[in-house]
file structure-v1.txt (compact mmCIF, C-alpha atoms)
# COMPACT_ATOMS: atom_id res chain seq x y z
CA MET D 16 51.14 -43.42 15.21
CA ALA D 17 51.68 -39.97 16.80
CA THR D 18 49.08 -37.23 16.60
CA LYS D 19 50.60 -33.96 15.40
CA GLU D 20 49.14 -30.66 16.56
CA GLY D 21 48.03 -28.34 13.77
CA TRP D 22 49.01 -24.71 13.36
CA ARG D 23 47.41 -22.54 16.04
CA GLY D 24 48.74 -19.18 14.94
CA ARG D 25 51.13 -16.69 16.48
CA PHE D 26 50.83 -15.20 19.92
CA PHE D 27 52.08 -11.76 20.95
CA GLU D 28 55.49 -13.14 21.96
CA ASP D 29 56.03 -14.56 18.46
CA PHE D 30 55.97 -11.21 16.64
CA GLU D 31 59.17 -9.29 15.92
CA ILE D 32 59.33 -5.85 14.33
CA GLY D 33 60.51 -6.19 10.73
CA ASP D 34 59.26 -9.75 10.24
CA ILE D 35 57.48 -10.30 6.93
CA TYR D 36 54.91 -13.07 6.58
CA GLN D 37 54.04 -14.20 3.07
CA HIS D 38 50.51 -15.46 3.54
CA PRO D 39 50.13 -18.97 2.13
CA LEU D 40 46.89 -18.82 0.14
CA GLY D 41 45.96 -16.93 -2.99
CA ARG D 42 42.35 -16.51 -4.05
CA THR D 43 40.84 -15.99 -7.49
CA VAL D 44 37.95 -13.52 -7.39
CA THR D 45 34.87 -14.68 -9.26
CA THR D 46 31.94 -12.79 -10.75
CA THR D 47 29.71 -14.34 -8.10
CA ASP D 48 32.03 -13.11 -5.30
CA ASN D 49 31.87 -9.59 -6.65
CA MET D 50 28.11 -9.50 -7.23
CA TRP D 51 27.14 -11.13 -3.96
CA PHE D 52 29.49 -9.04 -1.82
CA SER D 53 28.34 -5.82 -3.50
CA LEU D 54 24.68 -6.66 -3.09
CA LEU D 55 25.02 -8.12 0.43
CA THR D 56 26.66 -4.89 1.57
CA GLN D 57 24.08 -2.78 -0.30
CA ASN D 58 26.67 -1.27 -2.59
CA THR D 59 24.48 -0.11 -5.46
CA ALA D 60 27.26 1.08 -7.79
CA PRO D 61 26.49 -0.78 -11.05
CA ILE D 62 30.18 -0.94 -12.00
CA HIS D 63 30.40 -3.96 -9.66
CA PHE D 64 27.46 -6.06 -10.87
CA ASP D 65 26.12 -4.76 -14.21
CA HIS D 66 28.40 -6.05 -16.97
CA TYR D 67 26.67 -3.98 -19.66
CA TYR D 68 27.14 -0.79 -17.64
CA ALA D 69 30.74 -1.66 -16.74
CA ALA D 70 31.60 -2.31 -20.40
CA GLN D 71 30.88 1.38 -21.08
CA THR D 72 33.42 2.61 -18.49
CA THR D 73 37.12 3.31 -18.94
CA PHE D 74 37.83 -0.13 -17.51
CA GLY D 75 35.55 -1.93 -19.98
CA LYS D 76 34.59 -4.54 -17.40
CA PRO D 77 33.37 -4.76 -13.79
CA LEU D 78 35.59 -3.58 -10.98
CA VAL D 79 35.75 -5.72 -7.87
CA ASP D 80 34.17 -3.98 -4.89
CA SER D 81 37.13 -2.44 -3.01
CA THR D 82 35.72 -3.44 0.37
CA PHE D 83 35.76 -7.06 -0.85
CA THR D 84 39.47 -6.62 -1.59
CA LEU D 85 40.03 -5.24 1.92
CA ALA D 86 38.10 -8.15 3.47
CA LEU D 87 39.83 -10.77 1.33
CA VAL D 88 43.36 -9.57 2.02
CA THR D 89 42.60 -9.18 5.72
CA GLY D 90 41.26 -12.75 5.72
CA GLN D 91 44.37 -14.04 3.97
CA SER D 92 46.47 -12.61 6.80
CA VAL D 93 44.56 -14.28 9.65
CA THR D 94 46.58 -17.51 9.71
CA ASP D 95 49.80 -15.53 10.26
CA ILE D 96 48.66 -12.38 12.06
CA SER D 97 45.36 -12.69 13.88
CA GLN D 98 44.54 -16.34 14.50
CA ASN D 99 44.79 -15.42 18.19
CA VAL D 100 43.21 -11.98 18.01
CA PHE D 101 41.52 -10.41 21.01
CA ALA D 102 40.25 -7.45 18.99
CA ASN D 103 40.95 -5.45 15.86
CA LEU D 104 41.62 -1.83 16.73
CA GLY D 105 41.62 -0.34 13.25
CA TRP D 106 42.57 -0.23 9.63
CA ASP D 107 44.44 2.90 8.58
CA GLU D 108 46.04 4.30 5.46
CA VAL D 109 44.06 2.05 3.10
CA ARG D 110 45.32 2.59 -0.44
CA LEU D 111 44.09 1.02 -3.69
CA PRO D 112 46.80 1.74 -6.28
CA HIS D 113 45.58 -0.71 -8.95
CA PRO D 114 42.06 -2.01 -9.67
CA VAL D 115 41.00 -5.60 -9.08
CA PHE D 116 38.97 -7.32 -11.77
CA GLU D 117 36.93 -10.50 -11.77
CA GLY D 118 39.31 -13.35 -12.56
CA ASP D 119 42.29 -11.78 -10.78
CA THR D 120 44.07 -13.91 -8.21
CA ILE D 121 45.05 -12.02 -5.08
CA TYR D 122 48.02 -12.84 -2.84
CA SER D 123 49.29 -10.97 0.20
CA GLN D 124 51.98 -10.42 2.78
CA SER D 125 52.31 -8.51 6.03
CA GLU D 126 55.20 -6.75 7.74
CA VAL D 127 55.27 -6.22 11.51
CA LEU D 128 55.70 -2.47 12.14
CA GLU D 129 55.08 -2.08 15.87
CA LYS D 130 54.78 -4.21 18.97
CA ARG D 131 54.01 -3.17 22.53
CA GLU D 132 52.43 -4.35 25.73
CA SER D 133 48.84 -3.33 26.34
CA ARG D 134 48.58 -0.78 29.15
CA SER D 135 45.04 -1.86 30.06
CA ARG D 136 44.98 -5.62 29.46
CA PRO D 137 47.81 -7.81 30.78
CA ASP D 138 46.69 -10.86 28.78
CA VAL D 139 47.26 -9.23 25.37
CA GLY D 140 49.75 -7.14 23.45
CA ILE D 141 49.28 -4.70 20.59
CA ILE D 142 50.84 -5.13 17.18
CA ALA D 143 50.63 -3.10 14.00
CA VAL D 144 51.26 -4.53 10.56
CA LYS D 145 51.37 -3.23 7.03
CA THR D 146 49.61 -5.63 4.72
CA THR D 147 50.06 -5.60 0.95
CA GLY D 148 47.78 -7.39 -1.50
CA TYR D 149 48.91 -7.98 -5.07
CA ASN D 150 47.56 -9.72 -8.13
CA GLN D 151 48.87 -12.58 -10.26
CA ASP D 152 51.10 -10.11 -12.16
CA GLY D 153 52.65 -8.75 -8.96
CA LYS D 154 50.78 -5.43 -9.21
CA VAL D 155 49.94 -4.02 -5.78
CA VAL D 156 46.15 -3.71 -5.48
CA ILE D 157 45.84 -2.70 -1.82
CA THR D 158 47.95 -1.66 1.15
CA PHE D 159 46.83 -0.88 4.66
CA LYS D 160 48.05 -0.62 8.21
CA ARG D 161 46.16 -2.75 10.73
CA THR D 162 46.43 -2.50 14.50
CA LEU D 163 45.21 -5.30 16.71
CA MET D 164 45.38 -6.85 20.15
CA VAL D 165 46.78 -10.39 20.17
CA TYR D 166 46.63 -12.80 23.08
CA LYS D 167 49.81 -13.71 24.91
CA ARG D 168 50.78 -17.36 25.02
CA GLY D 169 48.70 -19.30 27.52
CA ARG D 170 46.12 -16.49 27.85
CA ALA D 171 43.83 -17.20 24.87
CA PRO D 172 40.53 -19.03 25.29
CA GLU D 173 40.81 -22.79 24.85
CA ILE D 174 39.71 -24.30 21.57
CA PRO D 175 38.27 -27.74 22.23
CA ARG D 176 40.21 -30.47 20.50
CA LEU D 177 37.91 -33.44 20.53
CA ALA D 178 39.01 -36.83 19.32
CA PRO D 179 36.74 -39.02 17.23
CA GLU D 180 35.24 -42.08 18.83
CA SER D 181 37.26 -45.19 18.27
CA GLY D 182 35.41 -48.06 16.78
CA ASP D 183 34.41 -49.61 13.53
CA VAL D 184 32.76 -47.48 10.91
call {"tool": "encode", "arguments": {"input": "structure-v1.txt", "output": "C-alpha cells"}}
result
Amino acid sequence: MATKEGWRGRFFEDFEIGDIYQHPLGRTVTTTDNMWFSLLTQNTAPIHFDHYYAAQTTFGKPLVDSTFTLALVTGQSVTDISQNVFANLGWDEVRLPHPVFEGDTIYSQSEVLEKRESRSRPDVGIIAVKTTGYNQDGKVVITFKRTLMVYKRGRAPEIPRLAPESGDV
C-alpha cells in the first residue's frame, strides 16, 4: 500500500493574480464562541454576551463580535493562502456590510490581487489577497485585503513527518 502525502499548502510560486480559492470549510458560530471570544479579548460590549440586553437592540439578538468574524474568515483561508506563511504584513480595508448572528454559518473565498518578489528576503515572496466571508444565505458579512509573505518552494522550515512504530497493538 502506498503512502500518500497530505496537502501542504501553496508556496509563492503557486499563486497567480486573479486566482480565486473557495475555502473548503464552513463554520457555524455558536453562542459559546461569541461569548468566550468577546470575554477572552476583554470586549465588554454587552451586545455580544448579554441576551437580555441584546434583545432590546434593533437587532433583537446578540451580534457576533466582529473581530471573531475577522479571525474566523482569516483562519478559513489558511489552508489555501497561508499554510506556508513567513509573516502576515497587514489587514486593510476591513468592511462588515452585514451583521453575523449566533447560529450563522460562515463560508469564505479569496482572490489573489498582487504577487511580487520580496526585496529584502530571497526565501519568500509577497502576495495580497481579497478575502470575502459570507453567510449561509450568501450575504457578504466581511471583506478585507490581506498582505503576507509566503515561503518559496523548498525554503520553508521542515515539518517532521514521523511514521508510527510498526508492531502489534
call {"tool": "closest_residue", "arguments": {"input": "structure-v1.txt", "among": "D:Asp80, D:Glu31, D:Asp107, D:Glu117", "to": "Leu54 in chain D", "atoms": "all atoms listed in the file"}}
result
D:Asp80
call {"tool": "closest_residue", "arguments": {"input": "structure-v1.txt", "among": "D:Tyr122, D:Pro39, D:Leu78, D:Phe30", "to": "Gln151 in chain D", "atoms": "only C-alpha atoms"}}
result
D:Tyr122
call {"tool": "residues_around", "arguments": {"input": "structure-v1.txt", "residues": "Val127 in chain D", "least_positions_apart": "6", "cutoff": "10 Å", "atoms": "all atoms listed in the file", "output": "PyMOL selection string"}}
result
chain D and resi 30-36+96+142-146+160-161
call {"tool": "atom_distance", "arguments": {"input": "structure-v1.txt", "atom1": "CA of Asn150 in chain D", "atom2": "CA of Ile62 in chain D"}}
result
19.9 Å
call {"tool": "atom_distance", "arguments": {"input": "structure-v1.txt", "atom1": "CA of Thr89 in chain D", "atom2": "CA of Phe52 in chain D"}}
result
15.1 Å
call {"tool": "atom_distance", "arguments": {"input": "structure-v1.txt", "atom1": "CA of Asn99 in chain D", "atom2": "CA of Leu111 in chain D"}}
result
27.4 Å
call {"tool": "closest_residue", "arguments": {"input": "structure-v1.txt", "among": "D:Pro137, D:Gly41, D:Pro179, D:Gly153", "to": "Leu87 in chain D", "atoms": "all atoms listed in the file"}}
result
D:Gly41
call {"tool": "closest_residue", "arguments": {"input": "structure-v1.txt", "among": "D:Met16, D:Ile121, D:Glu180, D:Arg170", "to": "Ala86 in chain D", "atoms": "only C-alpha atoms"}}
result
D:Ile121
call {"tool": "closest_residue", "arguments": {"input": "structure-v1.txt", "among": "D:Ile157, D:Asp29, D:Lys167, D:Ile141", "to": "Phe83 in chain D", "atoms": "all atoms listed in the file"}}
result
D:Ile157
call {"tool": "closest_residue", "arguments": {"input": "structure-v1.txt", "among": "D:Thr47, D:Lys154, D:Phe116, D:Gly140", "to": "Asn103 in chain D", "atoms": "only C-alpha atoms"}}
result
D:Gly140
call {"tool": "axis_aligned_box", "arguments": {"input": "structure-v1.txt", "around": "range 53-64 of chain D", "padding_each_side": "8 Å", "output": "AutoDock Vina command-line options"}}
result
--center_x 27.2 --center_y -3.5 --center_z -5.2 --size_x 22.3 --size_y 25.2 --size_z 29.6
call {"tool": "build_atoms", "arguments": {"input": "structure-v1.txt", "residues": "range 133-155 of chain D", "atoms": "N, CA and C atoms", "output": "PDB file, keeping the file's coordinate frame"}}
result
ATOM      1  N   SER D 133      50.060  -4.093  26.099  1.00  0.00           N
ATOM      2  CA  SER D 133      48.840  -3.330  26.340  1.00  0.00           C
ATOM      3  C   SER D 133      48.943  -2.714  27.733  1.00  0.00           C
ATOM      4  N   ARG D 134      48.556  -1.444  27.851  1.00  0.00           N
ATOM      5  CA  ARG D 134      48.580  -0.780  29.150  1.00  0.00           C
ATOM      6  C   ARG D 134      47.353  -1.125  29.989  1.00  0.00           C
ATOM      7  N   SER D 135      46.286  -1.607  29.341  1.00  0.00           N
ATOM      8  CA  SER D 135      45.040  -1.860  30.060  1.00  0.00           C
ATOM      9  C   SER D 135      44.706  -3.344  30.216  1.00  0.00           C
ATOM     10  N   ARG D 136      45.327  -4.194  29.425  1.00  0.00           N
ATOM     11  CA  ARG D 136      44.980  -5.620  29.460  1.00  0.00           C
ATOM     12  C   ARG D 136      46.266  -6.458  29.510  1.00  0.00           C
ATOM     13  N   PRO D 137      46.554  -7.056  30.654  1.00  0.00           N
ATOM     14  CA  PRO D 137      47.810  -7.810  30.780  1.00  0.00           C
ATOM     15  C   PRO D 137      47.852  -9.110  29.998  1.00  0.00           C
ATOM     16  N   ASP D 138      46.708  -9.590  29.504  1.00  0.00           N
ATOM     17  CA  ASP D 138      46.690 -10.860  28.780  1.00  0.00           C
ATOM     18  C   ASP D 138      46.912 -10.705  27.279  1.00  0.00           C
ATOM     19  N   VAL D 139      47.064  -9.466  26.794  1.00  0.00           N
ATOM     20  CA  VAL D 139      47.260  -9.230  25.370  1.00  0.00           C
ATOM     21  C   VAL D 139      48.369  -8.208  25.137  1.00  0.00           C
ATOM     22  N   GLY D 140      48.846  -8.179  23.894  1.00  0.00           N
ATOM     23  CA  GLY D 140      49.750  -7.140  23.450  1.00  0.00           C
ATOM     24  C   GLY D 140      49.194  -6.526  22.183  1.00  0.00           C
ATOM     25  N   ILE D 141      49.764  -5.412  21.775  1.00  0.00           N
ATOM     26  CA  ILE D 141      49.280  -4.700  20.590  1.00  0.00           C
ATOM     27  C   ILE D 141      50.354  -4.759  19.519  1.00  0.00           C
ATOM     28  N   ILE D 142      49.922  -5.134  18.322  1.00  0.00           N
ATOM     29  CA  ILE D 142      50.840  -5.130  17.180  1.00  0.00           C
ATOM     30  C   ILE D 142      50.216  -4.299  16.063  1.00  0.00           C
ATOM     31  N   ALA D 143      51.068  -3.780  15.210  1.00  0.00           N
ATOM     32  CA  ALA D 143      50.630  -3.100  14.000  1.00  0.00           C
ATOM     33  C   ALA D 143      51.388  -3.715  12.838  1.00  0.00           C
ATOM     34  N   VAL D 144      50.667  -3.952  11.761  1.00  0.00           N
ATOM     35  CA  VAL D 144      51.260  -4.530  10.560  1.00  0.00           C
ATOM     36  C   VAL D 144      50.887  -3.693   9.356  1.00  0.00           C
ATOM     37  N   LYS D 145      51.718  -3.767   8.345  1.00  0.00           N
ATOM     38  CA  LYS D 145      51.370  -3.230   7.030  1.00  0.00           C
ATOM     39  C   LYS D 145      51.151  -4.431   6.130  1.00  0.00           C
ATOM     40  N   THR D 146      49.950  -4.513   5.586  1.00  0.00           N
ATOM     41  CA  THR D 146      49.610  -5.630   4.720  1.00  0.00           C
ATOM     42  C   THR D 146      49.513  -5.133   3.279  1.00  0.00           C
ATOM     43  N   THR D 147      50.059  -5.922   2.371  1.00  0.00           N
ATOM     44  CA  THR D 147      50.060  -5.600   0.950  1.00  0.00           C
ATOM     45  C   THR D 147      49.402  -6.749   0.196  1.00  0.00           C
ATOM     46  N   GLY D 148      48.416  -6.412  -0.625  1.00  0.00           N
ATOM     47  CA  GLY D 148      47.780  -7.390  -1.500  1.00  0.00           C
ATOM     48  C   GLY D 148      48.216  -7.099  -2.929  1.00  0.00           C
ATOM     49  N   TYR D 149      48.458  -8.150  -3.693  1.00  0.00           N
ATOM     50  CA  TYR D 149      48.910  -7.980  -5.070  1.00  0.00           C
ATOM     51  C   TYR D 149      48.290  -9.064  -5.938  1.00  0.00           C
ATOM     52  N   ASN D 150      48.209  -8.770  -7.228  1.00  0.00           N
ATOM     53  CA  ASN D 150      47.560  -9.720  -8.130  1.00  0.00           C
ATOM     54  C   ASN D 150      48.566 -10.692  -8.748  1.00  0.00           C
ATOM     55  N   GLN D 151      48.068 -11.535  -9.630  1.00  0.00           N
ATOM     56  CA  GLN D 151      48.870 -12.580 -10.260  1.00  0.00           C
ATOM     57  C   GLN D 151      50.037 -12.023 -11.073  1.00  0.00           C
ATOM     58  N   ASP D 152      50.005 -10.740 -11.420  1.00  0.00           N
ATOM     59  CA  ASP D 152      51.100 -10.110 -12.160  1.00  0.00           C
ATOM     60  C   ASP D 152      52.055  -9.364 -11.238  1.00  0.00           C
ATOM     61  N   GLY D 153      51.808  -9.439  -9.923  1.00  0.00           N
ATOM     62  CA  GLY D 153      52.650  -8.750  -8.960  1.00  0.00           C
ATOM     63  C   GLY D 153      52.276  -7.293  -8.745  1.00  0.00           C
ATOM     64  N   LYS D 154      51.205  -6.818  -9.380  1.00  0.00           N
ATOM     65  CA  LYS D 154      50.780  -5.430  -9.210  1.00  0.00           C
ATOM     66  C   LYS D 154      50.086  -5.276  -7.854  1.00  0.00           C
ATOM     67  N   VAL D 155      50.525  -4.289  -7.097  1.00  0.00           N
ATOM     68  CA  VAL D 155      49.940  -4.020  -5.780  1.00  0.00           C
ATOM     69  C   VAL D 155      48.533  -3.469  -5.988  1.00  0.00           C
TER      70      VAL D 155
END
